[in-house]
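*Asks:* Mind having a look at this structure? Questions to follow.
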Amino acid sequence: MNEPRQVTAFQSAVIVINSTIGISILALPRIASDKVGAGALLVTAFGVSIFMFCIFILSHLCKRFPRESIITYSQKIIGKPLGKAIGFIIICFFAIVTSIVVREFGFVMNTTLMQETPITATMLSMLILVAVATRNNITTISYMHTYYFPFIIVPIMFMVIMATQDADMRHLKPFWGNDASFMDFLEGAASITGLPFIPIGLYIITVITPYMIEPKKVVKGALWGSIISSITILFATGITVAVFGSEEIDKSLWPMLVLTRMTELPASILERLDIIFLVVWIVSAFTTILSGYLICIELASKLFGLRSHRVLSYLTIPVIFGLSLYPESVPHLYEIIRLTGKWCLIITLGYPIVLLLISLLRGKRGSNDEKSNVSDN
Amino acid sequence: MMRNPMYQIIKWLLIINTLLLLSGCWDQKEIEERSTILGLAIDKAEDTENTAPITHPATEDLPTSKIGKVKVTAQLAIPGQIPLGPSQGDSGGSSRDKVHVVEAIGLTLDDAIQSLQQQLAYPIFFGQLQVIIISEEVAKQGINPINEYLRRRPEIRRTAWMAVNGESAAKAMEAAPELERIPAIYLSAVFEEGVKMGKLPENDLGRFWVSDSNKGQDGYLPLISVEGEENINISGLAYFSNDKMVGSTKPYQISFFNGLTGQNPGGATGFVKLSDEESVMFMSTRRKVNYDSSLKDGRPEFKVTVDVWGFIREKNKESIKLDDMKTIEKIESQTEKFIEQESHRLIKETQERKSDIFGFGEYVRGDLSTFWDDEVETTDKWKEVYKDMKIEIKANVHIDRVGMKAK
């Protein structure tokens, strides 16, 4: 590898946060309250704890193989043909997930901000932007993420704070929902972890670990990242439920977008500020799509034995774009999200656990070349 | 001159880049080329009135919503006429000249909007919609078909206001108060300032939708009436049961509603009778409310404590000694009695009409969730429980100021 390895633990945390907070959050309160009503916050808490657990498993796996990609070490752990086959499935999965995010982004833009712009123009320009960004090495991309980080986290927190004045605490009660069974909670949590941003936020750490200064710190960075993004998601979902109540949320396609549009500065300085806040969601969509796209091309370049992910940057555009044209309508898109979500946990949780267990049993671990050999602990 | 290929590439890239900048204008739209609707009034049209066959062939028996045929009256901004920023000197003409009122009839709300569009050259734009007025007749039929349409339009803001006009909604669109340059903006100012003065509960479209959606709560809207040609008067709250208007309060009852829901800032003034001869005007400044729910014999019960802070505005007799602590205490206890009595009456009235505008049901759903899950679950069942629920009201009045006068 001839790329610089300068990603710090802080940057890895930032990348996880940026990748996780994406356009799918706009629909999250509706998906969360679908089955359990007022228990939406608890279901989201369940969902993000599963996410944190996944991060924990996967980052430990990455730590065991600090200088390798998941494609290479999975072949060492479970054998070449199987590792390659599963690697290919993972790449396909992420191509689909990324295209879903692109299409969702297109729909949100199309219904709210740019009603007359053809959806293909919105999506294609986003994809080209992402492809140009991925022409850089991973270190530069992590700098990009660090740059966008405050533009995502600060406005969302501001929105949460501004919305507290409209919140009605009755909407959050009872905490465990009305007449919601444990199965409802499990199903709800599973559909949250099935939302596209969870696998993207998760697998991005397998891409960045080999380029970190100290890959051992990936556990710390990724966990912190997942904690902060989980807290942000919980706050944002909680405030949306508190303002609208689960009944009203069910009537809205993107409840958090409605909340964003309600945000006003105190004393009506700049009355139509909502447009500025909508830009936040464009930025967060960009960072999520960037990560998803990067996972696809980085893993694919490792699978096909290419020199660098950059080779695939432009070649992948038609693939993702073609896939993103598949959903016919908004309801169809959410149907696809539900379907991919069902298979999601196998890849996000099942596969890493299997890999970690087998690598522990067979005593396989990667070497930490170039660095002073830290003794095993 | 440099003639190397690098220079050529850069030159052409720059030229192409400037072309890209032009793409920002491809769907530009001048502000004059839009029909900006500021206010919308929705009335029920007579079944015999013919709708223009714009979205459908002119045949009989087309299914309408439960409202039946609707008549919309829209107030449009005339672009050149609306002064931007503070007007210098005479802006000329009355406020009526600044807007254009159009009406259309349709089978459903969107059908009517489409036939409205047929009369207007430029595309209708709802981004500046300030008020939606519905006639009482429509409100009594149920307003879900209207909410349906409004929720679906992305550019309609939840900060707009919806109100019920006693008679015809269209009349409110034609009223042209002189105080504001644009009638629809005056209308929305009536509501927004009402909230700031504590005379109206905070209840814009978004909040109305939330309380309308909640299982344990019903919506309410301000009720207005047009006085003469140009005055808008708030004449109470219209309250709903499910999506149908079932009754309305008197104007003075709004302040008790505000008290019961703990709306701030205060600002409502009450006429407090002290004896047969004496009375004072009491004005609230701050309100606080606490709901205490409990289950007794398997039925929910509420204890509502309303705390009101305020001051004395006026007394009708010199004999009332406002510098005496005893008098103040007496006024306080009289006001408390007044609030308790009137709040009780207000709740009683809504109970009779099965309209839980206070959201007692939401407290039950949240705090007594086992009772809710076992016995209620649906909004209709909750209305039956609410109908004869026991609610106890305790008011605490704190008078802290008496104005500039010493006695």
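All residue names refer to the structure tokens as shown: chains lettered A, B, ... in order, residues numbered from 1 in each chain, ligands numbered from 1 in order.
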Produce a table with one row for each residue of chain B that has an atom at most 9 Å from any atom of chain A, each row naming the nearest atom pair and its distance in Å at one decimal; use only C-alpha atoms; arrange rows by chain and rising residue number; format as JSON lines.
*Replies:*
{"residue": "B:Asp27", "atom": "CA", "partner": "A:Glu116", "partner_atom": "CA", "distance": 7.1}
{"residue": "B:Arg151", "atom": "CA", "partner": "A:Ser252", "partner_atom": "CA", "distance": 8.1}
{"residue": "B:Arg152", "atom": "CA", "partner": "A:Ser252", "partner_atom": "CA", "distance": 8.7}
{"residue": "B:Pro154", "atom": "CA", "partner": "A:Thr112", "partner_atom": "CA", "distance": 5.9}
{"residue": "B:Glu155", "atom": "CA", "partner": "A:Thr112", "partner_atom": "CA", "distance": 7.3}
{"residue": "B:Arg157", "atom": "CA", "partner": "A:Met262", "partner_atom": "CA", "distance": 7.9}
{"residue": "B:Arg158", "atom": "CA", "partner": "A:Met262", "partner_atom": "CA", "distance": 7.1}
{"residue": "B:Thr159", "atom": "CA", "partner": "A:Met262", "partner_atom": "CA", "distance": 7.5}
{"residue": "B:Gly206", "atom": "CA", "partner": "A:Phe244", "partner_atom": "CA", "distance": 8.5}
{"residue": "B:Arg207", "atom": "CA", "partner": "A:Phe244", "partner_atom": "CA", "distance": 8.2}
{"residue": "B:Trp209", "atom": "CA", "partner": "A:Glu248", "partner_atom": "CA", "distance": 7.2}
{"residue": "B:Val210", "atom": "CA", "partner": "A:Glu248", "partner_atom": "CA", "distance": 5.7}
{"residue": "B:Ser211", "atom": "CA", "partner": "A:Glu248", "partner_atom": "CA", "distance": 8.5}
{"residue": "B:Asp212", "atom": "CA", "partner": "A:Glu248", "partner_atom": "CA", "distance": 8.4}
{"residue": "B:Ser213", "atom": "CA", "partner": "A:Glu248", "partner_atom": "CA", "distance": 5.4}
{"residue": "B:Asn214", "atom": "CA", "partner": "A:Glu247", "partner_atom": "CA", "distance": 5.7}
{"residue": "B:Lys215", "atom": "CA", "partner": "A:Glu247", "partner_atom": "CA", "distance": 7.4}
{"residue": "B:Glu362", "atom": "CA", "partner": "A:Arg170", "partner_atom": "CA", "distance": 6.2}
{"residue": "B:Tyr363", "atom": "CA", "partner": "A:Arg170", "partner_atom": "CA", "distance": 6.4}
{"residue": "B:Arg365", "atom": "CA", "partner": "A:Pro174", "partner_atom": "CA", "distance": 7.1}
{"residue": "B:Gly366", "atom": "CA", "partner": "A:Lys173", "partner_atom": "CA", "distance": 4.3}
{"residue": "B:Asp367", "atom": "CA", "partner": "A:Pro174", "partner_atom": "CA", "distance": 6.6}
{"residue": "B:Leu368", "atom": "CA", "partner": "A:Pro174", "partner_atom": "CA", "distance": 8.5}
{"residue": "B:Ser369", "atom": "CA", "partner": "A:Pro174", "partner_atom": "CA", "distance": 6.5}
{"residue": "B:Thr370", "atom": "CA", "partner": "A:Asn178", "partner_atom": "CA", "distance": 8.2}
{"residue": "B:Trp372", "atom": "CA", "partner": "A:Asn178", "partner_atom": "CA", "distance": 7.8}
{"residue": "B:Asp373", "atom": "CA", "partner": "A:Asp179", "partner_atom": "CA", "distance": 5.6}
{"residue": "B:Asp374", "atom": "CA", "partner": "A:Asp179", "partner_atom": "CA", "distance": 8.5}
{"residue": "B:Glu377", "atom": "CA", "partner": "A:Asn178", "partner_atom": "CA", "distance": 8.1}
*Asks:* Where does DSSP see strand (DSSP E or B) in segment 265-401 of chain B, if you list the residues as a PyMOL selection string?
*Replies:* chain B and resi 269-273+279-296+299-315+390-401
*Asks:* Which residue out of A:Ser74, A:Thr20, A:Ser329, A:Thr140 has the minimum interatomic distance to Glu3 of chain A when only C-alpha atoms are used?
*Replies:*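 When distances to Glu3 of chain A are compared using only C-alpha atoms, the smallest one comes from A:Thr140.
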*Asks:* Mind giving me the straight-line distance from atom CA of Asp168 of chain A to atom CA of Tyr186 of chain B in Å, one decimal?
*Replies:* 29.3 Å
*Asks:* Leaving out segment 307-324 of chain A and any residue of its chain fewer than 4 positions from it, which residues lie within 7 Å of it when counting only C-alpha atoms, given as a list in words?
*Replies:*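 The neighbour list is Ala95, Ile96, Ser99, Ile100, Val102, Arg103, Leu127, Ala131, Thr134, Arg135, Ile297, Glu298 and Ser301 of chain A.
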*Asks:* Need to verify the contact set: Phe53 of chain A, 12 Å, only C-alpha atoms, exclusion of same-chain residues closer than 2 positions in sequence. Can you return it as JSON, numbers by chain?
*Replies:* {"A": [46, 47, 48, 49, 50, 51, 55, 56, 57, 58, 59, 60, 193, 198, 202, 219, 222, 223, 226, 227, 230, 345, 348, 349, 350, 352, 353]}
*Asks:* With only C-alpha atoms as the counted atoms, please give the residues lying no more than 8 Å from segment 291-307 of chain B, apart from itself and same-chain residues fewer than 5 positions off, as an NGL selection string.
*Replies:* :B and (259-260 or 262 or 363-364 or 367-368 or 371 or 389-398)
*Asks:* Would you mind telling me which residue in A:Asn137, A:Trp254, A:Lys80, A:Arg67 lies nearest to Val330 of chain A when using only C-alpha atoms?
*Replies:*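 Answer, going by the shortest atom-to-atom distance: A:Trp254.
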*Asks:* Extract, using only C-alpha atoms, all DNA, RNA and protein residues at most 9 Å from Thr287 of chain A, discarding same-chain residues fewer than 3 positions from it, and format them as a PyMOL selection string.
*Replies:* chain A and resi 15+18-22+130+144-145+148+282-284+290-292
*Asks:* For Met281 of chain B, which residue among B:Leu21, B:Ile234, B:Val138, B:Ile331 is the nearest when counting only C-alpha atoms?
*Replies:*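 Of B:Leu21, B:Ile234, B:Val138, B:Ile331, the one nearest Met281 of chain B is B:Ile331, counting only C-alpha atoms.
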*Asks:* Taking the backbone alone, and naming residues the way the document does, which bits of segment 165-345 of chain B are alpha helix (DSSP H) by DSSP, as a ChimeraX atom specification?
*Replies:* /B:169-174,183-196,205-213,253-260,325-345
*Asks:* Pick out the residues sitting within 9 Å of Arg362 of chain A, and hand them over as a count of residues only; count only C-alpha atoms, and ignore anything fewer than 4 positions along from it in its own chain.
*Replies:* 3
*Asks:* Between A:Leu303, A:Leu356, A:Ile90, A:Ile205, single out the one closest to Lys217 of chain A, counting only C-alpha atoms.
*Replies:*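 Using only C-alpha atoms, the shortest distance to Lys217 of chain A belongs to A:Ile205.
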